[in-house]
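Below is one structure; the comments refer to it alone.
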Amino acid sequence: MNTTLVILAAGLGSRFGGGSAKQTAVLGKNGEIMADYSVYDAIRAGFNKIVYVIKRDMEPMFSEKIASKIKGADVRIAFQDMDDLPMGFSLPSDRAKPWGTAHAVRAARHVVQEPFMMIHADDFYGSDVYATLNTFLREDNGGHAYAMGGYRLENTVSDHGGVSRGVCTTKDGYLARMDETHNIQKRPDGICYPAPDGNMKYLPGSTIVSMGAFAFKPSIFAAIEKGFAEFLEKNPQNPKAEYLVPDIVSDLITGGQATMKILEAKGQWYGVTYQEDKEKVQRAIVQMVEQGQYPERLF
C-alpha cells in the first residue's frame, strides 16, 4: 500500500521574526530545514510520496531549494490558494488571512488519493511517530478510522511565550474531545492558560496534546469539503475566522462519523514558535547528528 506525507508549509509564521518564513529557517549544517528531517524520517518509515502544501508565490524557491533534493520518494507540490473555495462561494474582498489548516489539507485533495499523514513544516516530531502512524495507515481498519500522534504537554511548551495546543480528552485509547487552547504558558509553578473567567487554569504536564501529526484516510477530504462550506456560511463577515483541522476532527468524532486513535509519540518534539526557539532546536539537531540518529547530510 502506498502512503503519503502531507506537509503544511504555507503558514505566515507571524511570530517568528515578524513574518519571515520560519518553515525555511536553516537548522542543519548543510542547509537543512525542519521539514527535511521530517521527510527523512518519513521515508525511513516507509512513506513513498511527499506532498508540500505551500503558497503559490513560494513555488520557485521550494522547487529549486527544497523539493528537488529529496530522494527516495515521489515529491509533489499543492497550492493553498485563498480563492480555492467550495462551489458557490467567492473570496471576500476583505479577506487577507489564510483560511486555516483544514483548508491547507484540502489543497492536497487533487494529488493525494491514498492514506496519508499530515504534519506542520515547522515542527520536529521525532522518528518514531512516522513509523507508528505509517503502520496504522497500512492496517485494514476502515475508511473512517483515523489516528493522531499524541505528545505530553510538558514536552511541547516554549520557554519564550505562550503557545496554542489541541488539548485532548481520551477514552479507551481514542480521542473523545479536542479543545484548541491558546496562550498556554510555562511558569515556575506549572503550565497554565488564561480561562474565560480571567483566572489561570493549570494543566498537568502529562496532558496529551495534538501537535498536528494526524493519520487520515482519503475520506477526510469529503468531510473537509462539507465542513468548510458550513464554516463559510457561518462566517461571512469575519475576515479572521479560520477552519482548523481540530475543528473537523472534533465535529466528526462528536457526530460519530469517524474514530481517532491516540498513539502516544515516544520521541522528542521540538518546535520553532518564536525566534528564540531556533537555537534550542539547532543544538538538539547537532546532538542527534553526533549520536548517529541522522547523517550530517540528509539527501
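Lettering and numbering for the C-alpha cells are positional, with chains as A, B, ... in the shown order, residues counted from 1 in each chain, and ligands counted from 1 in the shown order.
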Could you build a table of the residues in segment 77-106 of chain A lying no more than 6 Å from segment 242-251 of chain A, giving for each the nearest pair of atoms and their separation in Å rounded to one decimal place, using only C-alpha atoms, ordered by chain and ascending residue number, as a tab-separated table?
```
residue	atom	partner	partner_atom	distance
A:Trp99	CA	A:Glu242	CA	4.9
A:Gly100	CA	A:Glu242	CA	4.7
A:Thr101	CA	A:Leu244	CA	4.8
A:Ala102	CA	A:Val245	CA	4.6
```
I'd like the contact shell of Gly166 of chain A - 9 Å cut-off, only C-alpha atoms, skipping same-chain residues fewer than 5 positions apart - returned as a PDB file with all heavy atoms, in the first residue's frame.
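Output saved as out_4.pdb:
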```pdb
ATOM      1  N   MET A 178     -11.332  17.347  21.633  1.00  0.00           N
ATOM      2  CA  MET A 178     -10.122  18.153  21.481  1.00  0.00           C
ATOM      3  C   MET A 178     -10.494  19.619  21.593  1.00  0.00           C
ATOM      4  O   MET A 178     -11.372  20.099  20.876  1.00  0.00           O
ATOM      5  CB  MET A 178      -9.439  17.893  20.136  1.00  0.00           C
ATOM      6  CG  MET A 178      -8.119  18.646  19.981  1.00  0.00           C
ATOM      7  SD  MET A 178      -7.440  18.539  18.301  1.00  0.00           S
ATOM      8  CE  MET A 178      -7.298  16.775  18.094  1.00  0.00           C
ATOM      9  N   ASP A 179      -9.845  20.318  22.509  1.00  0.00           N
ATOM     10  CA  ASP A 179     -10.113  21.735  22.716  1.00  0.00           C
ATOM     11  C   ASP A 179      -8.885  22.550  22.320  1.00  0.00           C
ATOM     12  O   ASP A 179      -7.819  22.418  22.930  1.00  0.00           O
ATOM     13  CB  ASP A 179     -10.466  22.006  24.177  1.00  0.00           C
ATOM     14  CG  ASP A 179     -11.764  21.320  24.589  1.00  0.00           C
ATOM     15  OD1 ASP A 179     -12.808  21.650  23.998  1.00  0.00           O
ATOM     16  OD2 ASP A 179     -11.735  20.450  25.487  1.00  0.00           O
ATOM     17  N   GLU A 180      -9.046  23.381  21.314  1.00  0.00           N
ATOM     18  CA  GLU A 180      -7.951  24.255  20.903  1.00  0.00           C
ATOM     19  C   GLU A 180      -7.769  25.310  21.989  1.00  0.00           C
ATOM     20  O   GLU A 180      -8.666  26.139  22.235  1.00  0.00           O
ATOM     21  CB  GLU A 180      -8.262  24.915  19.561  1.00  0.00           C
ATOM     22  CG  GLU A 180      -7.097  25.667  18.952  1.00  0.00           C
ATOM     23  CD  GLU A 180      -5.987  24.761  18.447  1.00  0.00           C
ATOM     24  OE1 GLU A 180      -6.168  23.536  18.404  1.00  0.00           O
ATOM     25  OE2 GLU A 180      -4.915  25.299  18.096  1.00  0.00           O
ATOM     26  N   THR A 181      -6.627  25.262  22.665  1.00  0.00           N
ATOM     27  CA  THR A 181      -6.380  26.102  23.840  1.00  0.00           C
ATOM     28  C   THR A 181      -5.222  27.034  23.543  1.00  0.00           C
ATOM     29  O   THR A 181      -4.152  26.599  23.111  1.00  0.00           O
ATOM     30  CB  THR A 181      -6.060  25.220  25.062  1.00  0.00           C
ATOM     31  OG1 THR A 181      -7.129  24.270  25.235  1.00  0.00           O
ATOM     32  CG2 THR A 181      -5.934  26.056  26.317  1.00  0.00           C
ATOM     33  N   HIS A 182      -5.419  28.314  23.791  1.00  0.00           N
ATOM     34  CA  HIS A 182      -4.444  29.323  23.386  1.00  0.00           C
ATOM     35  C   HIS A 182      -3.677  29.896  24.580  1.00  0.00           C
ATOM     36  O   HIS A 182      -4.136  29.856  25.719  1.00  0.00           O
ATOM     37  CB  HIS A 182      -5.153  30.452  22.641  1.00  0.00           C
ATOM     38  CG  HIS A 182      -5.919  29.997  21.446  1.00  0.00           C
ATOM     39  ND1 HIS A 182      -5.309  29.595  20.277  1.00  0.00           N
ATOM     40  CD2 HIS A 182      -7.266  29.850  21.238  1.00  0.00           C
ATOM     41  CE1 HIS A 182      -6.217  29.244  19.400  1.00  0.00           C
ATOM     42  NE2 HIS A 182      -7.415  29.379  19.964  1.00  0.00           N
ATOM     43  N   ILE A 208      -2.189  14.919  27.269  1.00  0.00           N
ATOM     44  CA  ILE A 208      -1.900  14.636  25.864  1.00  0.00           C
ATOM     45  C   ILE A 208      -2.430  15.771  24.997  1.00  0.00           C
ATOM     46  O   ILE A 208      -3.588  16.188  25.127  1.00  0.00           O
ATOM     47  CB  ILE A 208      -2.520  13.299  25.421  1.00  0.00           C
ATOM     48  CG1 ILE A 208      -1.855  12.135  26.152  1.00  0.00           C
ATOM     49  CG2 ILE A 208      -2.389  13.115  23.904  1.00  0.00           C
ATOM     50  CD1 ILE A 208      -0.373  11.963  25.840  1.00  0.00           C
ATOM     51  N   VAL A 209      -1.571  16.259  24.107  1.00  0.00           N
ATOM     52  CA  VAL A 209      -1.973  17.336  23.204  1.00  0.00           C
ATOM     53  C   VAL A 209      -1.666  16.946  21.764  1.00  0.00           C
ATOM     54  O   VAL A 209      -0.813  16.106  21.495  1.00  0.00           O
ATOM     55  CB  VAL A 209      -1.269  18.668  23.549  1.00  0.00           C
ATOM     56  CG1 VAL A 209      -1.659  19.145  24.939  1.00  0.00           C
ATOM     57  CG2 VAL A 209       0.247  18.544  23.429  1.00  0.00           C
ATOM     58  N   SER A 210      -2.378  17.579  20.881  1.00  0.00           N
ATOM     59  CA  SER A 210      -2.125  17.392  19.453  1.00  0.00           C
ATOM     60  C   SER A 210      -1.098  18.401  18.977  1.00  0.00           C
ATOM     61  O   SER A 210      -1.212  19.596  19.275  1.00  0.00           O
ATOM     62  CB  SER A 210      -3.427  17.577  18.668  1.00  0.00           C
ATOM     63  OG  SER A 210      -3.146  17.721  17.288  1.00  0.00           O
ATOM     64  N   MET A 211      -0.122  17.913  18.231  1.00  0.00           N
ATOM     65  CA  MET A 211       0.857  18.798  17.599  1.00  0.00           C
ATOM     66  C   MET A 211       0.699  18.785  16.084  1.00  0.00           C
ATOM     67  O   MET A 211       1.597  19.164  15.345  1.00  0.00           O
ATOM     68  CB  MET A 211       2.273  18.381  18.003  1.00  0.00           C
ATOM     69  CG  MET A 211       2.530  18.444  19.500  1.00  0.00           C
ATOM     70  SD  MET A 211       2.083  20.026  20.242  1.00  0.00           S
ATOM     71  CE  MET A 211       3.127  21.140  19.334  1.00  0.00           C
ATOM     72  N   GLY A 212      -0.462  18.313  15.642  1.00  0.00           N
ATOM     73  CA  GLY A 212      -0.742  18.334  14.204  1.00  0.00           C
ATOM     74  C   GLY A 212      -0.244  17.134  13.446  1.00  0.00           C
ATOM     75  O   GLY A 212      -0.193  17.179  12.211  1.00  0.00           O
ATOM     76  N   PRO A 246      -8.311  20.571  13.966  1.00  0.00           N
ATOM     77  CA  PRO A 246      -9.012  20.142  15.186  1.00  0.00           C
ATOM     78  C   PRO A 246     -10.519  20.351  15.127  1.00  0.00           C
ATOM     79  O   PRO A 246     -11.275  19.602  15.753  1.00  0.00           O
ATOM     80  CB  PRO A 246      -8.379  21.010  16.279  1.00  0.00           C
ATOM     81  CG  PRO A 246      -7.002  21.284  15.775  1.00  0.00           C
ATOM     82  CD  PRO A 246      -7.177  21.462  14.290  1.00  0.00           C
TER      83      PRO A 246
END
```
Mind dumping a table of every segment 106-218 of chain A residue within 10 Å of segment 254-274 of chain A, with the nearest atom pair and its distance in Å to one decimal, using only C-alpha atoms, sorted by chain and rising number, as CSV?
```
residue,atom,partner,partner_atom,distance
A:His120,CA,A:Gly271,CA,9.7
A:Ala121,CA,A:Gly271,CA,9.6
A:Asp122,CA,A:Val272,CA,6.1
A:Asp123,CA,A:Gly271,CA,4.6
A:Phe124,CA,A:Tyr270,CA,4.9
A:Tyr125,CA,A:Trp269,CA,4.7
A:Gly126,CA,A:Gly267,CA,4.7
A:Ser127,CA,A:Gly267,CA,6.6
A:Asp128,CA,A:Gly267,CA,6.0
A:Val129,CA,A:Ala265,CA,5.4
A:Tyr130,CA,A:Ala265,CA,9.2
A:Thr132,CA,A:Leu263,CA,7.5
A:Leu133,CA,A:Leu263,CA,7.8
A:Phe136,CA,A:Leu263,CA,9.3
A:Gly142,CA,A:Ala258,CA,9.5
A:Gly143,CA,A:Ala258,CA,8.7
A:His144,CA,A:Ala258,CA,4.9
A:Ala145,CA,A:Thr259,CA,5.1
A:Tyr146,CA,A:Met260,CA,4.6
A:Ala147,CA,A:Lys261,CA,4.4
A:Met148,CA,A:Ile262,CA,5.2
A:Gly149,CA,A:Leu263,CA,5.0
A:Gly150,CA,A:Glu264,CA,4.6
A:Tyr151,CA,A:Ala265,CA,5.8
A:Arg152,CA,A:Glu264,CA,8.2
A:Asn155,CA,A:Trp269,CA,6.7
A:Thr156,CA,A:Trp269,CA,6.5
A:Val157,CA,A:Gly271,CA,8.9
A:Ser158,CA,A:Thr273,CA,7.6
A:Asp159,CA,A:Tyr274,CA,9.3
A:His160,CA,A:Tyr274,CA,6.9
A:Gly161,CA,A:Tyr274,CA,7.7
A:Gly162,CA,A:Thr273,CA,9.2
A:Val163,CA,A:Thr273,CA,7.6
A:Ser164,CA,A:Thr273,CA,9.8
A:Cys168,CA,A:Ile262,CA,9.3
A:Thr170,CA,A:Ile262,CA,7.8
A:Lys171,CA,A:Ile262,CA,9.4
A:Asp172,CA,A:Lys261,CA,9.1
A:Gly173,CA,A:Ile262,CA,5.7
A:Tyr174,CA,A:Lys261,CA,4.4
A:Leu175,CA,A:Met260,CA,5.4
A:Ala176,CA,A:Thr254,CA,7.7
A:Arg177,CA,A:Thr254,CA,7.8
A:Ile208,CA,A:Glu264,CA,8.1
A:Val209,CA,A:Glu264,CA,9.6
A:Ser210,CA,A:Ile262,CA,9.5
A:Met211,CA,A:Trp269,CA,8.7
A:Ala213,CA,A:Ala265,CA,9.7
A:Phe214,CA,A:Met260,CA,8.9
A:Ala215,CA,A:Met260,CA,8.8
A:Phe216,CA,A:Met260,CA,9.2
```
Preceding selection exported with N, CA and C atoms as a short mmCIF file (atom, residue, chain, number, x, y, z; two decimals), in the first residue's frame:
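Result file follows (out-v9.cif):
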```
data_model
loop_
_atom_site.label_atom_id
_atom_site.label_comp_id
_atom_site.auth_asym_id
_atom_site.auth_seq_id
_atom_site.Cartn_x
_atom_site.Cartn_y
_atom_site.Cartn_z
N HIS A 120 3.04 19.65 10.37
CA HIS A 120 3.39 21.04 10.12
C HIS A 120 4.88 21.15 9.80
N ALA A 121 5.21 22.03 8.87
CA ALA A 121 6.59 22.12 8.42
C ALA A 121 7.55 22.63 9.48
N ASP A 122 7.04 23.37 10.46
CA ASP A 122 7.92 23.99 11.45
C ASP A 122 7.98 23.20 12.76
N ASP A 123 7.62 21.93 12.72
CA ASP A 123 7.69 21.08 13.90
C ASP A 123 8.61 19.89 13.65
N PHE A 124 9.36 19.49 14.68
CA PHE A 124 10.19 18.29 14.65
C PHE A 124 9.50 17.26 15.53
N TYR A 125 9.08 16.15 14.95
CA TYR A 125 8.20 15.22 15.64
C TYR A 125 8.91 14.00 16.24
N GLY A 126 10.15 13.74 15.85
CA GLY A 126 10.81 12.52 16.30
C GLY A 126 10.48 11.37 15.36
N SER A 127 11.43 10.49 15.14
CA SER A 127 11.28 9.47 14.10
C SER A 127 10.21 8.44 14.38
N ASP A 128 9.94 8.15 15.66
CA ASP A 128 9.04 7.03 15.96
C ASP A 128 7.61 7.27 15.52
N VAL A 129 7.16 8.52 15.51
CA VAL A 129 5.76 8.79 15.19
C VAL A 129 5.46 8.46 13.73
N TYR A 130 6.46 8.58 12.85
CA TYR A 130 6.24 8.26 11.44
C TYR A 130 6.05 6.75 11.26
N THR A 132 5.01 4.67 13.58
CA THR A 132 3.77 4.29 14.25
C THR A 132 2.55 4.61 13.40
N LEU A 133 2.49 5.82 12.85
CA LEU A 133 1.33 6.22 12.06
C LEU A 133 1.31 5.54 10.70
N PHE A 136 -0.21 2.20 11.22
CA PHE A 136 -1.65 2.36 11.36
C PHE A 136 -2.32 2.52 10.00
N GLY A 142 -10.61 0.35 8.32
CA GLY A 142 -11.79 1.10 7.91
C GLY A 142 -11.46 2.47 7.35
N GLY A 143 -12.30 2.93 6.45
CA GLY A 143 -12.04 4.19 5.75
C GLY A 143 -12.26 5.44 6.57
N HIS A 144 -12.88 5.31 7.74
CA HIS A 144 -13.10 6.47 8.59
C HIS A 144 -12.39 6.30 9.94
N ALA A 145 -11.40 5.42 9.96
CA ALA A 145 -10.58 5.22 11.16
C ALA A 145 -9.32 6.05 11.02
N TYR A 146 -9.18 7.06 11.86
CA TYR A 146 -8.04 7.96 11.82
C TYR A 146 -7.20 7.78 13.09
N ALA A 147 -6.04 8.41 13.10
CA ALA A 147 -5.17 8.31 14.28
C ALA A 147 -4.42 9.62 14.46
N MET A 148 -3.90 9.80 15.66
CA MET A 148 -3.14 11.00 15.97
C MET A 148 -1.92 10.64 16.80
N GLY A 149 -0.80 11.24 16.48
CA GLY A 149 0.38 11.11 17.32
C GLY A 149 0.25 12.10 18.47
N GLY A 150 0.04 11.61 19.69
CA GLY A 150 -0.16 12.48 20.84
C GLY A 150 1.11 12.73 21.61
N TYR A 151 1.31 13.95 22.09
CA TYR A 151 2.51 14.33 22.83
C TYR A 151 2.13 14.84 24.22
N ARG A 152 3.03 14.62 25.16
CA ARG A 152 2.82 15.15 26.51
C ARG A 152 3.00 16.66 26.48
N ASN A 155 6.29 18.50 27.18
CA ASN A 155 7.35 18.42 26.18
C ASN A 155 7.11 19.31 24.98
N THR A 156 6.07 20.12 25.03
CA THR A 156 5.73 20.92 23.86
C THR A 156 5.60 22.42 24.13
N VAL A 157 5.79 22.85 25.38
CA VAL A 157 5.66 24.28 25.67
C VAL A 157 6.96 25.01 25.36
N SER A 158 6.86 26.30 25.15
CA SER A 158 8.02 27.11 24.83
C SER A 158 8.51 27.88 26.06
N ASP A 159 9.81 28.12 26.13
CA ASP A 159 10.38 28.93 27.20
C ASP A 159 10.22 30.42 26.92
N HIS A 160 9.69 30.77 25.74
CA HIS A 160 9.75 32.16 25.29
C HIS A 160 8.37 32.79 25.06
N GLY A 161 7.31 32.12 25.47
CA GLY A 161 5.99 32.72 25.29
C GLY A 161 4.90 31.68 25.22
N GLY A 162 3.66 32.16 25.11
CA GLY A 162 2.51 31.26 25.07
C GLY A 162 2.41 30.53 23.74
N VAL A 163 1.78 29.35 23.78
CA VAL A 163 1.59 28.54 22.58
C VAL A 163 0.14 28.06 22.54
N SER A 164 -0.31 27.65 21.37
CA SER A 164 -1.63 27.07 21.21
C SER A 164 -1.49 25.57 21.02
N CYS A 168 -6.30 17.26 24.52
CA CYS A 168 -7.11 16.09 24.21
C CYS A 168 -7.69 15.43 25.46
N THR A 170 -9.26 11.77 26.28
CA THR A 170 -9.27 10.45 25.67
C THR A 170 -10.18 9.48 26.43
N LYS A 171 -10.61 8.45 25.72
CA LYS A 171 -11.41 7.38 26.33
C LYS A 171 -11.05 6.07 25.64
N ASP A 172 -10.53 5.13 26.43
CA ASP A 172 -10.17 3.80 25.92
C ASP A 172 -9.20 3.88 24.75
N GLY A 173 -8.29 4.84 24.81
CA GLY A 173 -7.27 4.95 23.77
C GLY A 173 -7.70 5.73 22.55
N TYR A 174 -8.89 6.31 22.58
CA TYR A 174 -9.38 7.08 21.44
C TYR A 174 -9.69 8.52 21.88
N LEU A 175 -9.62 9.41 20.92
CA LEU A 175 -9.93 10.81 21.20
C LEU A 175 -11.42 10.98 21.42
N ALA A 176 -11.78 11.58 22.55
CA ALA A 176 -13.18 11.88 22.84
C ALA A 176 -13.50 13.34 22.58
N ARG A 177 -12.49 14.19 22.77
CA ARG A 177 -12.71 15.63 22.62
C ARG A 177 -11.35 16.31 22.46
N ILE A 208 -2.19 14.92 27.27
CA ILE A 208 -1.90 14.64 25.86
C ILE A 208 -2.43 15.77 25.00
N VAL A 209 -1.57 16.26 24.11
CA VAL A 209 -1.97 17.34 23.20
C VAL A 209 -1.67 16.95 21.76
N SER A 210 -2.38 17.58 20.88
CA SER A 210 -2.12 17.39 19.45
C SER A 210 -1.10 18.40 18.98
N MET A 211 -0.12 17.91 18.23
CA MET A 211 0.86 18.80 17.60
C MET A 211 0.70 18.78 16.08
N ALA A 213 0.12 16.05 14.14
CA ALA A 213 0.54 14.82 13.46
C ALA A 213 -0.66 13.88 13.41
N PHE A 214 -1.34 13.84 12.27
CA PHE A 214 -2.55 13.04 12.11
C PHE A 214 -2.37 12.02 11.00
N ALA A 215 -3.04 10.90 11.14
CA ALA A 215 -3.12 9.88 10.08
C ALA A 215 -4.55 9.86 9.57
N PHE A 216 -4.73 10.18 8.30
CA PHE A 216 -6.06 10.27 7.72
C PHE A 216 -6.20 9.31 6.54
#
```
For atom CA of Val53 of chain A and atom CA of Ala108 of chain A, the interatomic separation in Å (one decimal): 6.8 Å
Could you list, with a cut-off of 9 Å and counting only C-alpha atoms, the residues of segment 18-66 of chain A near segment 80-98 of chain A, each shown with its nearest atom pair and the distance in Å rounded to one decimal, rows sorted by chain and ascending number, as a Markdown table?
```
| residue | atom | partner | partner_atom | distance |
| --- | --- | --- | --- | --- |
| A:Val53 | CA | A:Gln80 | CA | 6.3 |
| A:Ile54 | CA | A:Gln80 | CA | 5.9 |
| A:Lys55 | CA | A:Gln80 | CA | 5.4 |
| A:Arg56 | CA | A:Asp81 | CA | 7.0 |
```
Filtered DSSP result for segment 109-163 of chain A, state alpha helix (DSSP H), as a PyMOL selection string: chain A and resi 128-138
Keeping only N, CA, C and O atoms, write those residues as an mmCIF file, in the first residue's frame.
```cif
data_model
loop_
_atom_site.group_PDB
_atom_site.id
_atom_site.type_symbol
_atom_site.label_atom_id
_atom_site.label_comp_id
_atom_site.auth_asym_id
_atom_site.auth_seq_id
_atom_site.Cartn_x
_atom_site.Cartn_y
_atom_site.Cartn_z
ATOM 1 N N ASP A 128 9.937 8.150 15.662
ATOM 2 C CA ASP A 128 9.041 7.026 15.959
ATOM 3 C C ASP A 128 7.605 7.270 15.517
ATOM 4 O O ASP A 128 6.890 6.333 15.153
ATOM 5 N N VAL A 129 7.157 8.525 15.514
ATOM 6 C CA VAL A 129 5.764 8.795 15.191
ATOM 7 C C VAL A 129 5.463 8.457 13.728
ATOM 8 O O VAL A 129 4.346 8.039 13.392
ATOM 9 N N TYR A 130 6.456 8.579 12.849
ATOM 10 C CA TYR A 130 6.241 8.256 11.437
ATOM 11 C C TYR A 130 6.046 6.751 11.256
ATOM 12 O O TYR A 130 5.163 6.311 10.509
ATOM 13 N N ALA A 131 6.866 5.972 11.938
ATOM 14 C CA ALA A 131 6.720 4.519 11.854
ATOM 15 C C ALA A 131 5.389 4.072 12.445
ATOM 16 O O ALA A 131 4.688 3.221 11.878
ATOM 17 N N THR A 132 5.012 4.668 13.577
ATOM 18 C CA THR A 132 3.770 4.288 14.251
ATOM 19 C C THR A 132 2.545 4.615 13.398
ATOM 20 O O THR A 132 1.649 3.778 13.219
ATOM 21 N N LEU A 133 2.495 5.825 12.846
ATOM 22 C CA LEU A 133 1.329 6.222 12.061
ATOM 23 C C LEU A 133 1.314 5.545 10.699
ATOM 24 O O LEU A 133 0.241 5.252 10.155
ATOM 25 N N ASN A 134 2.486 5.262 10.125
ATOM 26 C CA ASN A 134 2.514 4.557 8.847
ATOM 27 C C ASN A 134 1.991 3.133 9.013
ATOM 28 O O ASN A 134 1.252 2.623 8.167
ATOM 29 N N THR A 135 2.359 2.498 10.116
ATOM 30 C CA THR A 135 1.827 1.162 10.396
ATOM 31 C C THR A 135 0.313 1.203 10.522
ATOM 32 O O THR A 135 -0.398 0.348 9.973
ATOM 33 N N PHE A 136 -0.208 2.202 11.216
ATOM 34 C CA PHE A 136 -1.654 2.355 11.361
ATOM 35 C C PHE A 136 -2.321 2.520 10.000
ATOM 36 O O PHE A 136 -3.362 1.902 9.723
ATOM 37 N N LEU A 137 -1.752 3.358 9.144
ATOM 38 C CA LEU A 137 -2.354 3.629 7.838
ATOM 39 C C LEU A 137 -2.386 2.392 6.951
ATOM 40 O O LEU A 137 -3.264 2.256 6.091
ATOM 41 N N ARG A 138 -1.456 1.507 7.140
ATOM 42 C CA ARG A 138 -1.386 0.301 6.314
ATOM 43 C C ARG A 138 -2.281 -0.826 6.835
ATOM 44 O O ARG A 138 -2.435 -1.846 6.165
#
```
DSSP strand (DSSP E or B) residues within segment 11-191 of chain A, as a PyMOL selection string: chain A and resi 26+33+49-54+74-79+116-120+123-124+145-152+163-171+174-187+190-191
